[in-house]
Amino acid sequence: MAFEALTGVNGDLITISWMASKGANQTEHYLKEEVGGIVFFAFPPSFSAEDLFATANTSPFGEIKMKRNQFPCMRSIGNNVNATVNEAFLKNLEVIIGPRTSFYASVQSAVEREQQIVFTGHSLGGATAILATVWYLETYFIRNPNVPEPRCVTFGAPLVGDYIFKHALGRENWSRFFVNFVTRFDIVPRIMLARKASIEKILPHVLGQLDPRRASIQESDQIITEFYTTVMRDTYTVASKAVCQLIGNGEAFLETLSSFLELSPYRPVGTFVFSTQKRLVVVNNSDAILQMLLYTCQSNDEQELSLIPFLSIRDHHGYEELVQSIGIKLLNHLDLHNPPLDGENSIGSALNDLGMSTRGRQCIHAALEAEKQRVENQKNIETKRDKIVERLTWIVEKYKPKCQTHKNGYYDCFKDSKEDNDFKANVTRVELAGIFDEVLGLVKKGQLPDGFEGSGGWINLATQYRRLIEPLDISNYYRHLKNEDTGPYMLHGRPSRYIYAQRGYDSARAHLARPAVGFYFFGPPRAGPFRPAGKIHMSKPAPQSPAGFKRVGFSFAGNPQTRKPATGLPAYIRDPQWACPLGPLIYGQKIQCPSPPRHGPLGQSPRAIGPLDTSRYEHRILKPKGMIAEDVFWNKVNDLNLGLQQEIQENLKISGSKCGSCFWAEVEELKGKPYEEVEVRVKTLQGMLERWIGDGEVDDKEIFLEGSTFRKWWNTLPDNHILHSPLYLRGRLMDETRAT
Amino acid sequence: MESSSSSLKCSALGKLVLSSGLLHSSWSKISEIHKSPYSNQDSGLGIKIYREEKFTLVVFVAPPIFTSSSDSTLLPGKENENPFPFLCSENNPSFSLHTPAFKLFTSAYKSLTYLKSELLQTLESEKPVIITGASLGGSVASLYTLWLLDTIDPKLKRPLCITFGSPLIGDVSLQQILENSVRNSCFLHVVAAQTRIRMDFFKPFGTFLICFDSRCVCIEDPVAVTELLNGVHDSEQVDYGQVLRRLDQSMLSMADSRLIPEAVIKGMEERAEMKTLRFDMFKKLNDMKISMAYIEWYKKKCRDVKIGYYDRFKTQLAFPSKEFDIKIKNHKIELNRYWKSVVEEVEKKPQSDISILKRRFLFSGNNYRRMIEPLDIAEYYLEGRKEYRTSGRSRQYVMLEKWFGMEPIEKERRKNRDLSDLLTFDSCFWAEVEESLIVINQLNTTVGVRDDAREVLLTRKLVEFEEYVWEMIRKREVSPEIFLEKSSFMKWWKEYKKIKGFNSPPSYFTEFMNTGKYKSYGQSQ
């Protein structure tokens with residue numbers, strides 16, 4: 001059925017969901033049903049105001065930030081902001097997953113039996129279902145490859161989370177699990193767009209009217225009209241602002257005006273199914289859904305207009321009819337690939353049915369166009385990938401080895417800039433900065449598809465870029481003595497493109513169970529054929545790409561078990577689309593590729609292997625621990641036992657020891673200072689070093705070279721310090737001395 | 001279906017402004033004052049402050065305008081005659097204001113100064129401020145907002161000035177100044193569509209909300225505003241309370257009538273298009289860094305063969321031989337073109353906006369000036385021209401130097417640092433060298449009768465140059481490259497040494513040169 005293809009749920013599943021949701025009315029916390037091996041968890045609605053706005057919450061929309069430890073994925077990685085959700089809804093979830101109910105145990109047992117779960121609910125129960133699904137995804141789905149995909153089916157649910165909530169679900173490719181049904185005038189999906197202050201007083205009365213257990217509604221209820229008008233006025237403001245932003249160019253007037261507006265942060269997530277008498281209209285685009293929530297309530301019929309407030313209550317009870325008629329209604333899908341929205345076609349008539357005005361259609365069109373533009377932007381960026389790889393390859397294969405022959409590594413060669421290669425490296429540095437700054441600009445303004453931030457390929461590329469080129473930026477910074485004008489590199493000098501790249505890497509790391517990992521590619525086939533399944537292996541260096549393969553980068557990390565350092569060997573894949581191991585993987589870990597590769601036995605020609613769904617793939621591999629990178633750093637520092645915690649934190653406030661690629665900046669800062677003054681920083685640096693080398697953050701082939709700034713500085717440290725420095729470090733420094 | 005995004009934008013912005021409720025709050029306070037018994041007795045300016053829960057409202061009340069006066073007062077850029085000197089830009093050093101509004105403004109200058117400090121405090125506390133007024137009161141509110149904006153920290157929320165049916169206050173110069181400033185975003189002028197405003201001398205700035213019967217549009221494009229509203233002012237009073245009520249009632253009905261004539265929309269669209277094509281200095285900054293990298297490299301290469309990049313460039317200009325040198329010339333042309341445009345863009349902005357110019361730009365610009373200006377000087381003197389500093393400098397250098405000087409930068413320079421990559425602070429250094437060489441030439445070519453007075457004058461010039469150089473050496477502000485074997489400066493020194501002879505008393509500088517101390521200048525100690 002076409003409907004299932006569009007929404008991921010079929011008629012039966014919806015019917016059972018609705019029956020369960022109805023049944024949940026009678027329960028306190030949840031209702032569990034098991035049908036055909038699928039487990040349904042339905043949550044009851046509530047019609048009391050404190051379940052819509054948490055009592056102690058003073059925010060204008062009853063919102064609260066999600067906690068990163070509990071929901072590590074629910075944030076914007078680059079911009080480093082956590083998602084916001086309605087506090088009352090979140091609290092309700094916490095009660096349900098808490099020890100007072102058997103919910104947790106029930107989910108656990110379904111997980112153990114690898115059963116598919118559907119979370120569902122009507123009205124506020126739908127809001128709970130959405131959050132329960134997110135909780136399930138974060139707790140089980142992402143950690144265990146055997147956990148089946150969940151589904152979330154809501155009926156007339158209020159909006160739950162903000163733009164970042166929506167963005168994070170999009171990035172993780174989880175939006176597809178959510179299906180929300182909305183009858184045309186239903187007020188509940190719109191309520192959260194209103195300011196708490198404007199509806200607070202009359203809310204209890206209206207909720208009373210919405211409660212199906214209460215008496216029937218009065219058509220002439222003035223409070224209902226007032227409520228409806230207030231909600232729609234605020235919806236109007238939110239939707240208009242959104243359109244201005246979609247088509248605008250960052251105009252300053254909109255910015256000035258915005259500081260006077262109190263706008264609801266909530267945004268639709270997942271797929272919405274709007275229903276009218278004859279049709280179902282399926283929409284996936286969050287911006288478009290927001291506009292529809294406004295424009296489907298318009299009418300040019302005076303009589304209908306006066307009736308809408310009443311309908312806005314009545315439609316909240318129209319889901320039984322909706323569910324029963326799914327099979328017989330016409331189906332339309334509103335997306336970019338469809339013909340113009342005003343044409344004489346089925347989508348045009350669908351919008352007619354929904355009462356959409358010309359303006360409304362233009363707004364939806366603008367929303368869809370904006371998404372199209374985001375996809376376009378990403379395509380544009382993808383075309384630059386080859387150039388980036390080519391430039392980085394040159395650094396690794398030509399520049400670094402050449403510099404190493406001078407016994408001082410590329411950091412110091414670049415600083416001296418005596419040869420043509422140094423000049424070429426400088427141009428490379430500036431060129432790459434241009435490309436990454438462009439990407440950064442788009443990320444900051446949200447002008448890339450949600451999925452971009454999570455794409456392993458880019459995290460990987462940005463990590464390579466950061467590790468290889470940031471030392472050159474630091475070298476350049478200190479060569480031009482910019483620290484004398486602008487202060488230490490870490491304070492004002494570090495470009496945002498590296499900070500964002502580091503966040504991307506840290507978030508990928510935070511997902512991993514074991515500490516020392518790196519980014520691997522499949523190497524070229526050892527005995528010829530491409531082997532996507534099986535053990536991950538690093539390639540042997542090959543002077544040229546094997547036929548049909550494309551050079552994509554290098555493997556960077558060392559092997560944590562054998563403490564073998566980073567190799568920087570080239571890696572190849574046949575086609576970027578097939579970049580199976582583009583995400584962070586644990587060395588030697590066995591991975592299972594999704595179905596396509598199974599078509600043939602291992603060793604078959606690469607041609608037989610289809611493209612992999614990398615997003616899905618990553619879910620199978622990553623194991624979140626919810627550790628925040630900042631915490632990882634401080635844990636490590638605490639392990640070093642350097643003294644009073646507060647003092648140490650003060651000492652390390654702007655230290656380059658927080659990130660391996662800033663190693664050189666820290667060396668430069670410590671270089672001229674008396675040892676006593678910077679003892680803590682020196683010890684932190686050396687404490688981090690071994691792991692950085694293991695991770696591939698710092699290239700140990702470089703730093704121990706005789707002429708390197710690091711080594712020269714190290715030799716100036718007091719004997720007593722050197723004597724007590726880690727064995728590893730002393731050993732390395734001595735080895736090199738012996739070797740030379 | 002109209003597919004124009006300009007029309008959609010005007011309509012969406014109009015809806016946003018209307019549904020925000022800001023207009024209603026402002027108007028209700030204005031009408032409250034107008035209705036109060038004592039409002040019309042005074043012929044002066046009335047100000048009332050309302051501290052609401054979400055924002056602070058400042059209402060200006062002025063006596064009604066009896067004549068549609070188009071008197072204007074010209075304000076020159078000088079401080080004492082103009083309360084708005086900070087608005088003047090390099091391109092528009094003066095502007096004119098609507099006399100009745102300006103008079104009312106100056107008459108209440110004292111109390112306005114007090115109000116200013118009070119509002120600044122409010123803004124500090126993150127509470128937004130709305131400044132509003134109807135008719136002439138709105139004009140004064142606009143003036144006051146302009147004045148207030150100068151002292152507001154760009155990090156704070158900007159205030160919003162909302163006027164209702166107010167006369168325009170500024171001429172075309174003010175319009176141009178504000179068009180390039182973020183301040184333009186702080187003005188919202190509400191005008192009923194049937195009203196006509198005289199725009200022969202005064203020009204609109206800010207955003208206009210034009211109210212038709214049941215719909216409104218918001219327009220920022222001043223040309224479109226002029227096209228829609230220009231006409232002879234009619235004195236018919238509009239009740240904006242009623243206008244707002246009508247707009248409100250039809251908010252949720254579907255009727256979408258076409259409000260702006262197609263031709264006006266088309267014009268807006270074209271101008272918006274032009275704006276996006278306009279020079280984008282941020283986008284190209286990175287390309288310029290690549291060009292700078294080339295020139296930096298060139299400088300280094302020249303140093304290796306014991307000739308400074310200044311002299312190498314000069315020689316190569318005369319006898320171009322290598323491709324590399326030609327490439328360098330092209331990079332220089334690119335860089336000059338870019339920075340010229342940047343400076344032109346910035347010059348359109350009010351003086352006080354320049355400090356907002358990102359630091360990155362100031363530093364890059366300064367680097368560019370110190371690196372490239374010597375090459376321009378080389379070209380200039382090669383053509384046999386003189387007096388570069390006073391008559392040959394391109395404007396972008398002058399301005400970049402001025403702006404960089406205005407920036408408070410704390411310098412913490414290590415005394416013993418290595419200067420080999422330093423760019424000479426005074427980018428006109430080589431022009432001074434050339435001038436001094438000319439003087440030496442004049443001294444050496446004296447023919448016929450000795451003219452003592454002339455000789456004294458010329459020698460005096462040489463000594464001045466010596467002092468200038470010594471000062472820079474002492475402060476370590478000059479690049480060690482000037483001491484390279486084949487540099488023009490060393491050529492000068494050899495000649496100067498001859499002229500000075502052994503009889504003149506030794507100076508720090510001559511000692512520095514004679515003892516060879518200069519050879520270790522700039523090395524890290």
# chains A, B, ... in the order shown; residues from 1 in each chain; ligands from 1
call {"tool": "select_by_dssp", "arguments": {"residues": "segment 208-292 of chain B", "states": "strand (DSSP E or B)", "output": "list in words"}}
result
Phe208, Leu209, Ile210, Cys211, Cys216, Val217, Cys218, Ile219, Asn230 and Ser253 of chain B
call {"tool": "closest_atom_pairs", "arguments": {"of": "chain A", "to": "chain B", "cutoff": "7 Å", "atoms": "only C-alpha atoms", "output": "tab-separated table"}}
result
residue	atom	partner	partner_atom	distance
A:Arg233	CA	B:Ser19	CA	6.2
A:Tyr236	CA	B:Ser19	CA	6.8
A:Thr237	CA	B:Leu16	CA	5.1
A:Ser240	CA	B:Ala12	CA	5.2
A:Lys241	CA	B:Leu16	CA	6.1
A:Val243	CA	B:Ala12	CA	6.6
A:Cys244	CA	B:Lys9	CA	6.0
A:Ile247	CA	B:Lys9	CA	6.9
A:Ala252	CA	B:Ser185	CA	5.4
A:Phe253	CA	B:Ser185	CA	4.1
A:Thr256	CA	B:Arg158	CA	6.1
A:Ser259	CA	B:Lys157	CA	6.9
A:Phe260	CA	B:Pro128	CA	6.6
A:Leu261	CA	B:Ser20	CA	6.5
A:Gln298	CA	B:Met254	CA	5.6
A:Ser299	CA	B:Met254	CA	5.3
A:Asn300	CA	B:Met254	CA	4.9
A:Ser357	CA	B:Met254	CA	5.9
A:Thr358	CA	B:Met1	CA	6.8
A:Arg359	CA	B:Asp256	CA	6.9
A:Phe423	CA	B:Trp297	CA	6.3
A:Asn426	CA	B:Ala293	CA	6.8
A:Val427	CA	B:Ile290	CA	5.9
A:Val430	CA	B:Ile290	CA	6.1
A:Gly434	CA	B:Asn286	CA	5.7
A:His480	CA	B:Asp421	CA	6.8
A:Glu484	CA	B:Glu412	CA	5.3
A:Asp485	CA	B:Lys411	CA	5.4
call {"tool": "residues_around", "arguments": {"residues": "Gln194 of chain B", "least_positions_apart": "3", "cutoff": "9 Å", "atoms": "only C-alpha atoms", "output": "JSON list (two decimals) with all heavy atoms, in the first residue's frame"}}
result
[["chain", "number", "residue", "atom", "x", "y", "z"],
["B", 191, "VAL", "N", 2.02, 53.58, 7.99],
["B", 191, "VAL", "CA", 1.37, 54.59, 7.16],
["B", 191, "VAL", "C", 0.14, 53.97, 6.52],
["B", 191, "VAL", "O", 0.21, 52.85, 6.00],
["B", 191, "VAL", "CB", 2.33, 55.08, 6.05],
["B", 191, "VAL", "CG1", 1.65, 56.15, 5.22],
["B", 191, "VAL", "CG2", 3.62, 55.60, 6.63],
["B", 211, "CYS", "N", -0.65, 50.19, 5.31],
["B", 211, "CYS", "CA", -1.91, 49.53, 5.65],
["B", 211, "CYS", "C", -2.97, 49.81, 4.60],
["B", 211, "CYS", "O", -3.36, 50.96, 4.39],
["B", 211, "CYS", "CB", -2.42, 50.02, 7.00],
["B", 211, "CYS", "SG", -1.18, 49.95, 8.28],
["B", 212, "PHE", "N", -3.40, 48.75, 3.95],
["B", 212, "PHE", "CA", -4.54, 48.85, 3.06],
["B", 212, "PHE", "C", -5.76, 48.54, 3.90],
["B", 212, "PHE", "O", -5.66, 48.43, 5.12],
["B", 212, "PHE", "CB", -4.38, 47.88, 1.89],
["B", 212, "PHE", "CG", -3.20, 48.23, 1.02],
["B", 212, "PHE", "CD1", -1.93, 47.81, 1.36],
["B", 212, "PHE", "CD2", -3.37, 48.99, -0.12],
["B", 212, "PHE", "CE1", -0.83, 48.15, 0.59],
["B", 212, "PHE", "CE2", -2.27, 49.34, -0.90],
["B", 212, "PHE", "CZ", -1.00, 48.91, -0.55],
["B", 229, "LEU", "N", 3.92, 55.78, -1.97],
["B", 229, "LEU", "CA", 3.39, 56.80, -1.05],
["B", 229, "LEU", "C", 3.64, 58.24, -1.48],
["B", 229, "LEU", "O", 3.08, 59.16, -0.88],
["B", 229, "LEU", "CB", 3.98, 56.60, 0.35],
["B", 229, "LEU", "CG", 3.56, 55.34, 1.08],
["B", 229, "LEU", "CD1", 4.28, 55.25, 2.42],
["B", 229, "LEU", "CD2", 2.06, 55.30, 1.30]]
